[in-house]
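J.: The structure follows.
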Amino acid sequence: MSPEQSTSQQKQREFFSLLPLTIEIAGMPPSEVGKLFTESQMEARVTGLRTAYKLARQLVMEIGSS
């Protein structure tokens, strides 16, 4: 395994470990069963998750440094 693959996998593991906190911070409600989102709704949710992930990661870093 190359160092790039290892770093990528580590980032993916970090993302998935923070996903529950990220979703809570973003305030994302689950979708209704059988209801599909439009492309613009999906983009808005991705933007919200991206911002929430940054905040979740920052929170974990702050907790770790205290």
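Order determines the names: the first chain of the structure tokens is A, the second B, and so forth; residues in each chain are numbered 1 upward, and ligands are numbered 1 upward as they are shown.
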Fewer than 5 positions away in the same chain doesn't count, so skip those; otherwise give me all residues within 9 Å of Ala52 (chain A), counting only C-alpha atoms, as a list in words.

T.: Leu21, Thr22, Ile23, Glu24, Ile25, Ala26, Thr47 and Arg57 of chain A

J.: I need the residues of chain A that end up classed as alpha helix (DSSP H) by DSSP on the backbone, written out as JSON, numbers by chain.

T.: {"A": [3, 4, 5, 6, 7, 8, 9, 10, 11, 12, 13, 14, 15, 16, 17, 18, 19, 20, 21, 22, 23, 24, 25, 26, 39, 40, 41, 42, 43, 44, 45, 46, 47, 48, 49, 50, 51, 52, 53, 54, 55, 56, 57, 58, 59, 60, 61, 62, 63, 64, 65]}

J.: Could you tell me how far CA of Tyr53 (chain A) sits from CA of Gln12 (chain A), in Å to one decimal place?

T.: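 According to the coordinates, CA of Gln12 (chain A) and CA of Tyr53 (chain A) are separated by 12.2 Å.
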
J.: Tell me, as a list in words, which residues lie within 12 Å of Ser31 (chain A), counting only C-alpha atoms; anything in the same chain fewer than 5 positions away does not count.

T.: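 In the requested format, the answer is Leu36, Phe37, Thr38, Gln41, Met42 and Arg45 of chain A.
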
J.: For the residues in that selection, give me N, CA and C atoms as a PDB file, in the first residue's frame.

T.:
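And here is the file that came out, out.pdb:
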ATOM      1  N   LEU A  36     -37.024  11.173  -2.793  1.00  0.00           N
ATOM      2  CA  LEU A  36     -35.710  11.498  -3.325  1.00  0.00           C
ATOM      3  C   LEU A  36     -35.496  13.006  -3.274  1.00  0.00           C
ATOM      4  N   PHE A  37     -34.254  13.406  -3.056  1.00  0.00           N
ATOM      5  CA  PHE A  37     -33.920  14.823  -3.050  1.00  0.00           C
ATOM      6  C   PHE A  37     -33.617  15.284  -4.463  1.00  0.00           C
ATOM      7  N   THR A  38     -33.861  16.566  -4.711  1.00  0.00           N
ATOM      8  CA  THR A  38     -33.461  17.150  -5.990  1.00  0.00           C
ATOM      9  C   THR A  38     -31.951  17.394  -5.941  1.00  0.00           C
ATOM     10  N   GLN A  41     -31.133  20.237  -3.628  1.00  0.00           N
ATOM     11  CA  GLN A  41     -31.260  19.850  -2.219  1.00  0.00           C
ATOM     12  C   GLN A  41     -30.056  19.038  -1.771  1.00  0.00           C
ATOM     13  N   MET A  42     -29.601  18.136  -2.634  1.00  0.00           N
ATOM     14  CA  MET A  42     -28.418  17.331  -2.294  1.00  0.00           C
ATOM     15  C   MET A  42     -27.191  18.221  -2.160  1.00  0.00           C
ATOM     16  N   ARG A  45     -27.313  20.003   1.129  1.00  0.00           N
ATOM     17  CA  ARG A  45     -26.992  19.098   2.234  1.00  0.00           C
ATOM     18  C   ARG A  45     -25.492  18.816   2.293  1.00  0.00           C
TER      19      ARG A  45
END

J.: Separation of CA of Leu55 (chain A) and CA of Ser8 (chain A), in Å?

T.: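 Separation of CA of Leu55 (chain A) and CA of Ser8 (chain A): 20.1 Å.
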
J.: Using Å and a single decimal, report how far CA of Glu62 (chain A) sits from CA of Gly27 (chain A).

T.: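 Spanning CA of Gly27 (chain A) to CA of Glu62 (chain A) is a straight-line distance of 21.3 Å.
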
J.: Between A:Leu19, A:Val33, A:Gly64, A:Thr7, which residue has the minimum interatomic distance to Arg50 (chain A), considering only C-alpha atoms?

T.: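 Looking at the shortest contact to Arg50 (chain A), the residue is A:Leu19.
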